[in-house]
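Enquirer: Structure provided below as structure tokens; questions to follow.
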Amino acid sequence: MGLLARVIPAQSDSTTKPSSVHAQIGVMGTGVITRAAPAYNHRTFTELQLIQPVLMASLSLRSVTFLGALNAEGYTLKRGELNAGIWGEGYVDRRHPHTLVHEAMVAWQSPTVRRGAATTPTAFSVSLAAGRGFVPFGSDDPMMRPLEKYPVNHHHAQILERIQAIGAARVARGQQAVTIEGATYNGDEPTGPFHGPRWSRFGDSWSIRASGQLVRGLELSASEASLISPELQQGGAFDHRQHHASLRIDRPNPRGDARYILAELARTDEITNGKTAFQYRSNLVEGEYGWRRAAAALRLESTDRGEQTRLADPFRAPLGHVDFQNLGVTQWRVVTVALKAPPLRLVPRGVGSHLAPFVEVARAVPTPRNRPTVFEPADFYGASTLWSVSVGLRVHTGTMRARMGRYGVLSDPFSGAGMNHGMHHDE
Amino acid sequence: MTSSRGLSIMALLCVVGCGSDSATPVTPIVTVPKDTTPSIAPVSAAPLVVLGQGTIAERYTSELWVRGTTAYTSSWGTRGVIPGNAVKIWDVSGSTPLLVDSVIVANAGTTGDVQVSDDGTILAVAIEPRPNGGLAIYSLASPRKPQLITRYSSARLQWGVHTAELARVNGILYAFCSIDPASNVPAQLVIVSLADPANPVEVSALTIGNPLIHDVFVRDGLLFAAEWNDGVAIYDIGAISGSVAAPKFIGRVKTVGGQVHNLWWFNDPTTSEKRYVFVGQEGPGSVGSSSVGDIHVVDISNRAVPKEVAVFSVTGAGVHNFSMDEANGRLYAAYYNGGVKVLNVRGDLSSCTADQKTTDGRCDLAKMGRLAAFANTSTNGLAYVWGVHWQPGALYASDMLTGLWKFALP
């Protein structure tokens, strides 16, 4: 049960009863100092930034649930967060700020129908969801995962902030469950933190994801997505065909210490005139191990990045490839390690506000996948190995959902199951 | 976990992503036309003799223009950390191009197009990227010491001028600027009057191209527009009733595969024939290493209904910019990693034997023996030819990786 479930009493003690009304709210933010050496052209950058300032809310009324998240990075992170290797939405080697309306989804879930033996019945349910949020594709939002820096494969493994409609069906028996989700949405990615989608493009793209829980906390997932011209809102740029598969284990011990592993494979094809022009792959493994409320996390990643010409700001690139060319493909091999101290309670016996210090070190080695190439990472950055050291404090109060992008039959925003990495529950 | 369950998990994970080793081709995935003749190293065509080379190592060289004994090359993108903000000036009076000076264009990341006006008085340089896009106009009163007359930008041009073609319509010099699209910013062709080079004036702006307008070719009051996947469009901008301020659409053809990048309307001075437009197709590639795209031949006998009649393909390389020796009926084509190709394009290109046709009925210029010569700008296999410029006595080629090359004519 979330923290504010106690502060803001629910009108019913069970979310499964038709008459229940349930609300939760949480706020978080992270202050981080990052030293990137080099960040660009032999130059070391050290920056203090406020990242992921997020207000998260959930409201459940009978069978309808609203999930919302406001993200203020548009105000605090205009130049982007130093994050070697990452790209997307016109940013390169800096993570782009997310949109103010990061998530606003309404989901309706059918009553669960049970069949079979009374002791282990098979349960069926379906759901419909609509709004702006995470497309059912790939893995969880890195914001809710154990490491502060985003993986390079963010745009290979997540599709976010789209206007969408999702249909889902779930069959469960005991601890095992299988879920199928299908969605249609607008393919164009956000052009800025305060920009909306081109509404006329709703429905031009689709995704499907199948996921199965074999035992408690062990989940397999496979998904596919087709995006029309994500990088030019008016259309005409490369289309994307994306594939993803993952294994996720999230079984915190009885004290709430993390026992978490994610292994994922992703592939993105850039397509023009019906033919694949470029193909990018990603392999990633990450894990977290907690001990007495402290934790250590590790991520190993190998991800391809298509290089584009830069704008006057070397951390920006034009959206959509100029002339449908790239400058080559860089393989980013990144090792990231984080250590997190036990969170400090800000207000003794208060509402559960916590301060969680962490330190994170990343070593990135970018190399061209093919030569000759006009983008030689060692020439551009001034070194063949890029280091990043981050020290930060994450503050949160209230209840943050353990996972994002899970709506309808996959949504259980009021469950304490699973870890929200970096946020600690009081139970 | 049992071993069988583990295998199942791995099998599922291998639905995607497996095999991501160095042997897996990552980029680019080039679709080779089934019915074209490999001709990257043709046996029957003769190589052009290299006269000399002027090396540029610190920047990527892009377009070139030659007038008299002076050549100008622009620069592209970022090499290492050095931006493509330079225009190089060359003495090409001898066999080997000699670098004599450079002009640095402030706040430019790419100077992708450079051209001298037909009267030799001004040099125009296209400037990218946004927000510093624009047009730099230089006086060539002293051809090897260009002096900046003005740097022009506007709400439209600031998005980036990808190409800028100088052409005269009814006696007035204009710059035809192809503007880069961006998300929610459509591609445009902006026509700028240079009647007074110190005070450029935007005359009209056409929102054309899908998703971009890349280049134009202007002659005799007709404007041929390379509208990418919308193909080749023909506009009257002064030939009959159209004008630069109010272009009139005449006709369009969507060439096979789209991706229309550049054009040349062949006016044969020997036969007075003005039948063919050569179209460069630029498919996706990795700059500096790979390319794809054909030369398409469009018959404009009926300008309202142009028709593609022939094609020329090179396996493993794609075409880029053109130049022509019209008097001798030779088309010079930069072919990126394929060097330079020289085609004999005089005569009927729309008639060929069944064996010389592609499966879709177009004539294949390679099978017709139209490849007359080729040139390599490399001794080590690394070439990436951006542009070519013919003038009586020599052919010049700009190689992105190595600089300016001079060849003897075939």
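Chain labels A, B, ... are given in the sequence in which chains occur in the structure tokens; within each chain residues are numbered consecutively from 1, and ligands are likewise numbered from 1 in the order shown.
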I'd like a table as JSON lines: residues in chain A with an atom no more than 8 Å from chain B, each row giving the shortest atom pair and its distance in Å to one decimal, only C-alpha atoms counted, sorted by chain and rising residue number.
Expert:
```
{"residue": "A:Asn41", "atom": "CA", "partner": "B:Val81", "partner_atom": "CA", "distance": 6.3}
{"residue": "A:Thr191", "atom": "CA", "partner": "B:Ser183", "partner_atom": "CA", "distance": 6.9}
{"residue": "A:Leu220", "atom": "CA", "partner": "B:Ile9", "partner_atom": "CA", "distance": 7.5}
{"residue": "A:Ala222", "atom": "CA", "partner": "B:Leu12", "partner_atom": "CA", "distance": 7.5}
{"residue": "A:Glu231", "atom": "CA", "partner": "B:Ser183", "partner_atom": "CA", "distance": 7.0}
{"residue": "A:Leu232", "atom": "CA", "partner": "B:Ser183", "partner_atom": "CA", "distance": 4.6}
{"residue": "A:Gln233", "atom": "CA", "partner": "B:Ser183", "partner_atom": "CA", "distance": 4.9}
{"residue": "A:Gln234", "atom": "CA", "partner": "B:Asn184", "partner_atom": "CA", "distance": 5.8}
{"residue": "A:Gly235", "atom": "CA", "partner": "B:Pro211", "partner_atom": "CA", "distance": 7.1}
{"residue": "A:Gly236", "atom": "CA", "partner": "B:Pro211", "partner_atom": "CA", "distance": 4.8}
{"residue": "A:Ala237", "atom": "CA", "partner": "B:Pro211", "partner_atom": "CA", "distance": 6.9}
{"residue": "A:His243", "atom": "CA", "partner": "B:Val16", "partner_atom": "CA", "distance": 6.2}
{"residue": "A:His244", "atom": "CA", "partner": "B:Val16", "partner_atom": "CA", "distance": 6.2}
{"residue": "A:Ala245", "atom": "CA", "partner": "B:Leu13", "partner_atom": "CA", "distance": 5.2}
{"residue": "A:Ser246", "atom": "CA", "partner": "B:Leu13", "partner_atom": "CA", "distance": 6.1}
{"residue": "A:Leu247", "atom": "CA", "partner": "B:Leu13", "partner_atom": "CA", "distance": 7.5}
{"residue": "A:Glu264", "atom": "CA", "partner": "B:Leu13", "partner_atom": "CA", "distance": 7.4}
{"residue": "A:Leu265", "atom": "CA", "partner": "B:Gly17", "partner_atom": "CA", "distance": 5.1}
{"residue": "A:Ala266", "atom": "CA", "partner": "B:Gly17", "partner_atom": "CA", "distance": 5.6}
{"residue": "A:Arg267", "atom": "CA", "partner": "B:Gly17", "partner_atom": "CA", "distance": 5.9}
{"residue": "A:Asn273", "atom": "CA", "partner": "B:Gly257", "partner_atom": "CA", "distance": 7.3}
{"residue": "A:Thr276", "atom": "CA", "partner": "B:Ile29", "partner_atom": "CA", "distance": 6.5}
{"residue": "A:Ala277", "atom": "CA", "partner": "B:Ile29", "partner_atom": "CA", "distance": 5.2}
{"residue": "A:Phe278", "atom": "CA", "partner": "B:Thr27", "partner_atom": "CA", "distance": 5.1}
{"residue": "A:Gln279", "atom": "CA", "partner": "B:Val26", "partner_atom": "CA", "distance": 5.5}
{"residue": "A:Tyr280", "atom": "CA", "partner": "B:Val26", "partner_atom": "CA", "distance": 6.5}
{"residue": "A:Arg281", "atom": "CA", "partner": "B:Gly17", "partner_atom": "CA", "distance": 6.3}
{"residue": "A:Ser282", "atom": "CA", "partner": "B:Gly17", "partner_atom": "CA", "distance": 7.0}
{"residue": "A:Asn283", "atom": "CA", "partner": "B:Gly17", "partner_atom": "CA", "distance": 7.2}
{"residue": "A:Thr309", "atom": "CA", "partner": "B:Gly77", "partner_atom": "CA", "distance": 6.1}
{"residue": "A:Arg310", "atom": "CA", "partner": "B:Gly77", "partner_atom": "CA", "distance": 7.6}
{"residue": "A:Leu311", "atom": "CA", "partner": "B:Pro129", "partner_atom": "CA", "distance": 5.8}
{"residue": "A:Ala312", "atom": "CA", "partner": "B:Gly109", "partner_atom": "CA", "distance": 6.4}
{"residue": "A:Pro318", "atom": "CA", "partner": "B:Ala182", "partner_atom": "CA", "distance": 7.1}
{"residue": "A:Leu319", "atom": "CA", "partner": "B:Ala182", "partner_atom": "CA", "distance": 6.3}
{"residue": "A:Gly320", "atom": "CA", "partner": "B:Ala182", "partner_atom": "CA", "distance": 7.3}
{"residue": "A:Val322", "atom": "CA", "partner": "B:Asp180", "partner_atom": "CA", "distance": 7.9}
{"residue": "A:Asp323", "atom": "CA", "partner": "B:Pro284", "partner_atom": "CA", "distance": 7.5}
{"residue": "A:Phe324", "atom": "CA", "partner": "B:Pro284", "partner_atom": "CA", "distance": 5.1}
{"residue": "A:Gln325", "atom": "CA", "partner": "B:Gly285", "partner_atom": "CA", "distance": 5.1}
{"residue": "A:Asn326", "atom": "CA", "partner": "B:Ser286", "partner_atom": "CA", "distance": 4.9}
{"residue": "A:Leu327", "atom": "CA", "partner": "B:Val287", "partner_atom": "CA", "distance": 5.1}
{"residue": "A:Gly328", "atom": "CA", "partner": "B:Ser286", "partner_atom": "CA", "distance": 5.2}
{"residue": "A:Val329", "atom": "CA", "partner": "B:Thr27", "partner_atom": "CA", "distance": 7.0}
{"residue": "A:Arg369", "atom": "CA", "partner": "B:Val26", "partner_atom": "CA", "distance": 7.3}
{"residue": "A:Asn370", "atom": "CA", "partner": "B:Thr27", "partner_atom": "CA", "distance": 7.7}
{"residue": "A:Arg371", "atom": "CA", "partner": "B:Ser289", "partner_atom": "CA", "distance": 7.2}
{"residue": "A:Pro372", "atom": "CA", "partner": "B:Ser289", "partner_atom": "CA", "distance": 5.5}
{"residue": "A:Thr373", "atom": "CA", "partner": "B:Gly288", "partner_atom": "CA", "distance": 5.7}
{"residue": "A:Val374", "atom": "CA", "partner": "B:Gly288", "partner_atom": "CA", "distance": 5.6}
{"residue": "A:Phe375", "atom": "CA", "partner": "B:Arg79", "partner_atom": "CA", "distance": 7.4}
{"residue": "A:Glu376", "atom": "CA", "partner": "B:Gly80", "partner_atom": "CA", "distance": 7.0}
{"residue": "A:Asp379", "atom": "CA", "partner": "B:Gly80", "partner_atom": "CA", "distance": 4.7}
{"residue": "A:Phe380", "atom": "CA", "partner": "B:Gly80", "partner_atom": "CA", "distance": 4.6}
```
Enquirer: For N, CA and C atoms, I'd like the residues from the last selection saved as a compact mmCIF listing (two decimals), in the first residue's frame.
Expert:
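Done, and the output landed in part_3.txt:
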```txt
# COMPACT_ATOMS: atom_id res chain seq x y z
N ASN A 41 34.86 17.35 -27.81
CA ASN A 41 36.06 18.09 -28.23
C ASN A 41 37.05 18.29 -27.08
N THR A 191 8.11 17.42 -30.20
CA THR A 191 9.11 18.34 -30.72
C THR A 191 9.62 19.28 -29.64
N LEU A 220 8.44 -12.24 -18.86
CA LEU A 220 8.99 -12.26 -20.22
C LEU A 220 8.12 -11.38 -21.08
N ALA A 222 7.71 -9.69 -25.28
CA ALA A 222 8.13 -9.50 -26.66
C ALA A 222 7.18 -8.51 -27.30
N GLU A 231 10.33 11.41 -36.69
CA GLU A 231 11.19 12.58 -36.53
C GLU A 231 10.75 13.81 -37.32
N LEU A 232 9.75 13.69 -38.16
CA LEU A 232 9.18 14.87 -38.81
C LEU A 232 7.68 14.84 -38.56
N GLN A 233 7.21 15.83 -37.84
CA GLN A 233 5.81 15.79 -37.44
C GLN A 233 4.88 15.86 -38.64
N GLN A 234 5.29 16.56 -39.68
CA GLN A 234 4.43 16.64 -40.86
C GLN A 234 4.55 15.41 -41.74
N GLY A 235 5.40 14.46 -41.36
CA GLY A 235 5.53 13.22 -42.11
C GLY A 235 6.65 13.29 -43.14
N GLY A 236 7.00 12.10 -43.68
CA GLY A 236 7.96 12.05 -44.76
C GLY A 236 9.35 11.61 -44.38
N ALA A 237 9.68 11.58 -43.10
CA ALA A 237 11.01 11.13 -42.69
C ALA A 237 11.02 9.60 -42.64
N HIS A 243 11.54 -3.84 -32.78
CA HIS A 243 11.32 -5.13 -32.12
C HIS A 243 12.02 -5.11 -30.77
N HIS A 244 11.45 -5.85 -29.84
CA HIS A 244 12.03 -5.84 -28.50
C HIS A 244 11.66 -7.13 -27.78
N ALA A 245 12.56 -7.64 -27.01
CA ALA A 245 12.27 -8.79 -26.15
C ALA A 245 13.02 -8.61 -24.84
N SER A 246 12.43 -9.06 -23.76
CA SER A 246 13.10 -8.86 -22.48
C SER A 246 12.73 -9.93 -21.46
N LEU A 247 13.61 -10.06 -20.51
CA LEU A 247 13.38 -10.88 -19.32
C LEU A 247 13.57 -9.95 -18.13
N GLU A 264 17.51 -7.23 -21.98
CA GLU A 264 16.66 -6.89 -23.13
C GLU A 264 17.46 -6.83 -24.42
N LEU A 265 16.78 -7.14 -25.50
CA LEU A 265 17.31 -7.03 -26.85
C LEU A 265 16.35 -6.16 -27.63
N ALA A 266 16.90 -5.26 -28.42
CA ALA A 266 16.03 -4.37 -29.20
C ALA A 266 16.64 -4.16 -30.57
N ARG A 267 15.78 -3.90 -31.50
CA ARG A 267 16.23 -3.63 -32.88
C ARG A 267 15.32 -2.58 -33.49
N ASN A 273 10.51 4.36 -48.35
CA ASN A 273 9.95 3.74 -49.55
C ASN A 273 9.78 2.23 -49.39
N THR A 276 14.19 -1.23 -45.80
CA THR A 276 15.05 -0.89 -44.68
C THR A 276 16.32 -0.24 -45.18
N ALA A 277 16.60 0.93 -44.63
CA ALA A 277 17.82 1.65 -45.01
C ALA A 277 18.92 1.42 -43.98
N PHE A 278 18.56 1.53 -42.73
CA PHE A 278 19.54 1.34 -41.66
C PHE A 278 18.91 0.48 -40.56
N GLN A 279 19.77 -0.24 -39.89
CA GLN A 279 19.28 -1.11 -38.82
C GLN A 279 20.20 -0.95 -37.61
N TYR A 280 19.59 -0.80 -36.45
CA TYR A 280 20.33 -0.58 -35.22
C TYR A 280 19.91 -1.62 -34.18
N ARG A 281 20.87 -2.10 -33.43
CA ARG A 281 20.59 -3.14 -32.44
C ARG A 281 21.06 -2.70 -31.06
N SER A 282 20.46 -3.32 -30.08
CA SER A 282 20.84 -3.01 -28.70
C SER A 282 20.71 -4.25 -27.84
N ASN A 283 21.71 -4.47 -26.99
CA ASN A 283 21.66 -5.51 -25.97
C ASN A 283 21.94 -4.83 -24.63
N THR A 309 24.35 14.81 -38.57
CA THR A 309 25.09 16.06 -38.48
C THR A 309 24.55 16.87 -37.31
N ARG A 310 25.40 17.66 -36.69
CA ARG A 310 24.98 18.44 -35.53
C ARG A 310 24.61 19.87 -35.95
N LEU A 311 23.83 20.49 -35.11
CA LEU A 311 23.52 21.89 -35.33
C LEU A 311 24.66 22.75 -34.76
N ALA A 312 24.43 24.06 -34.70
CA ALA A 312 25.47 24.93 -34.16
C ALA A 312 25.81 24.51 -32.73
N PRO A 318 19.45 18.03 -36.20
CA PRO A 318 18.15 18.30 -36.81
C PRO A 318 17.27 17.07 -36.70
N LEU A 319 15.99 17.30 -36.46
CA LEU A 319 15.06 16.17 -36.46
C LEU A 319 14.85 15.71 -37.89
N GLY A 320 14.91 14.43 -38.11
CA GLY A 320 14.83 13.92 -39.47
C GLY A 320 16.20 14.02 -40.12
N VAL A 322 18.94 14.70 -42.75
CA VAL A 322 19.13 15.51 -43.95
C VAL A 322 19.45 14.56 -45.10
N ASP A 323 18.67 14.66 -46.15
CA ASP A 323 18.88 13.81 -47.34
C ASP A 323 18.76 12.32 -47.04
N PHE A 324 18.19 11.94 -45.92
CA PHE A 324 18.04 10.53 -45.57
C PHE A 324 19.40 9.83 -45.46
N GLN A 325 20.40 10.59 -45.13
CA GLN A 325 21.73 10.02 -44.93
C GLN A 325 22.02 9.95 -43.43
N ASN A 326 22.94 9.11 -43.07
CA ASN A 326 23.53 9.26 -41.75
C ASN A 326 25.03 9.37 -41.91
N LEU A 327 25.70 9.63 -40.81
CA LEU A 327 27.15 9.81 -40.85
C LEU A 327 27.85 8.53 -40.44
N GLY A 328 27.10 7.44 -40.44
CA GLY A 328 27.65 6.19 -39.97
C GLY A 328 26.94 5.74 -38.72
N VAL A 329 27.34 4.60 -38.22
CA VAL A 329 26.72 4.03 -37.02
C VAL A 329 27.80 3.83 -35.97
N ARG A 369 30.76 1.29 -36.28
CA ARG A 369 30.45 -0.09 -36.69
C ARG A 369 31.06 -0.40 -38.06
N ASN A 370 31.24 0.62 -38.86
CA ASN A 370 31.80 0.42 -40.19
C ASN A 370 32.81 1.53 -40.48
N ARG A 371 33.83 1.18 -41.17
CA ARG A 371 34.78 2.18 -41.65
C ARG A 371 34.94 2.02 -43.16
N PRO A 372 35.16 3.07 -43.92
CA PRO A 372 35.37 4.45 -43.45
C PRO A 372 34.08 5.08 -42.96
N THR A 373 34.24 6.07 -42.13
CA THR A 373 33.10 6.81 -41.62
C THR A 373 33.50 8.26 -41.46
N VAL A 374 32.56 9.15 -41.59
CA VAL A 374 32.88 10.57 -41.38
C VAL A 374 32.68 10.97 -39.93
N PHE A 375 32.17 10.04 -39.12
CA PHE A 375 32.05 10.34 -37.69
C PHE A 375 32.97 9.40 -36.93
N GLU A 376 34.13 9.90 -36.59
CA GLU A 376 35.08 9.14 -35.78
C GLU A 376 34.92 9.62 -34.35
N ASP A 379 37.81 11.30 -32.58
CA ASP A 379 38.13 12.65 -33.06
C ASP A 379 37.12 13.66 -32.53
N PHE A 380 35.88 13.26 -32.52
CA PHE A 380 34.82 14.18 -32.12
C PHE A 380 34.88 14.49 -30.62
```
Enquirer: I'd like the neighbourhood of Ala295 of chain A as an NGL selection string, where a residue qualifies if any of its atoms comes within 12 Å (using only C-alpha atoms), though same-chain residues fewer than 3 positions away should be ignored.
Expert: :A and (146-147 or 252 or 256-260 or 287-292 or 298 or 337-343 or 356-360 or 421-424)
Enquirer: Store the residues of this selection in a file with C-alpha atoms, as a compact mmCIF listing (two decimals), in the first residue's frame.
Expert:
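Result file follows (out-v2.txt):
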```txt
# COMPACT_ATOMS: atom_id res chain seq x y z
CA PRO A 146 17.78 1.71 -10.73
CA LEU A 147 20.32 3.87 -12.58
CA PRO A 252 12.53 -7.69 -3.49
CA GLY A 256 12.12 -4.52 0.64
CA ASP A 257 15.70 -4.72 -0.59
CA ALA A 258 15.99 -4.93 -4.34
CA ARG A 259 16.57 -8.15 -6.23
CA TYR A 260 16.21 -6.99 -9.78
CA GLY A 287 20.54 -5.37 -12.12
CA GLU A 288 20.19 -4.07 -8.62
CA TYR A 289 20.95 -5.68 -5.30
CA GLY A 290 19.80 -4.15 -2.07
CA TRP A 291 21.13 -4.67 1.41
CA ARG A 292 19.74 -3.03 4.49
CA LEU A 298 25.05 -2.26 -12.58
CA VAL A 337 27.70 1.38 -11.75
CA ALA A 338 25.69 3.06 -9.01
CA LEU A 339 25.83 2.95 -5.25
CA LYS A 340 22.87 4.18 -3.24
CA ALA A 341 22.94 4.98 0.43
CA PRO A 342 19.97 4.09 2.61
CA PRO A 343 17.38 6.82 2.16
CA ALA A 356 18.22 9.21 -1.22
CA PRO A 357 21.87 9.97 -2.00
CA PHE A 358 23.66 8.13 -4.78
CA VAL A 359 26.85 8.11 -6.78
CA GLU A 360 27.08 6.76 -10.27
CA HIS A 421 14.05 1.88 -7.72
CA GLY A 422 15.22 4.85 -5.80
CA MET A 423 11.93 5.30 -4.00
CA HIS A 424 11.33 3.32 -0.89
```
Enquirer: Using the chain letters and numbers from this document, which residues of segment 124-298 of chain A does DSSP assign to strand (DSSP E or B), as number ranges by chain?
Expert: A: 124-133, 162-173, 176-185, 205-215, 218-227, 239-250, 259-272, 275-291, 294-298
Enquirer: Record the distance separating atom CA of Leu349 of chain B and atom CA of Gly369 of chain B, expressed in Å with one decimal.
Expert: 11.2 Å
Enquirer: Excluding same-chain residues fewer than 4 positions from Pro151 of chain A, what lies within 8 Å of it counting only C-alpha atoms, as a ChimeraX atom specification?
Expert: /A:86,142,301
Enquirer: Show me, as a PyMOL selection string, the residues that have an atom within 12 Å of Phe322 of chain B when counting only C-alpha atoms, minus same-chain residues fewer than 6 positions from it.
Expert: chain B and resi 63-65+215+217+261-266+277-281+295+330-336+340-343+385-390+395-398
Enquirer: Between atom CA of Gly347 of chain B and atom CA of Thr255 of chain B, what is the distance, to one decimal in Å?
Expert: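 These two atoms are separated by 21.0 Å.
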Enquirer: Per residue of segment 346-413 of chain A within 10 Å of segment 160-178 of chain A, record the nearest atom pair and its distance in Å to one decimal, counting only C-alpha atoms, with rows in chain order and ascending residue number, as JSON lines.
Expert:
```
{"residue": "A:Gly405", "atom": "CA", "partner": "A:Leu160", "partner_atom": "CA", "distance": 8.4}
{"residue": "A:Tyr407", "atom": "CA", "partner": "A:Ile166", "partner_atom": "CA", "distance": 8.4}
{"residue": "A:Gly408", "atom": "CA", "partner": "A:Ala168", "partner_atom": "CA", "distance": 7.2}
{"residue": "A:Val409", "atom": "CA", "partner": "A:Arg170", "partner_atom": "CA", "distance": 6.4}
{"residue": "A:Leu410", "atom": "CA", "partner": "A:Arg170", "partner_atom": "CA", "distance": 8.1}
```
Enquirer: Write out, as a compact mmCIF listing (two decimals), in the first residue's frame, the residues just selected, with C-alpha atoms.
Expert:
```txt
# COMPACT_ATOMS: atom_id res chain seq x y z
CA GLY A 405 3.38 2.49 -19.02
CA TYR A 407 -2.52 0.48 -18.06
CA GLY A 408 -5.76 -1.43 -17.65
CA VAL A 409 -5.18 -5.09 -16.94
CA LEU A 410 -1.48 -4.44 -16.30
```
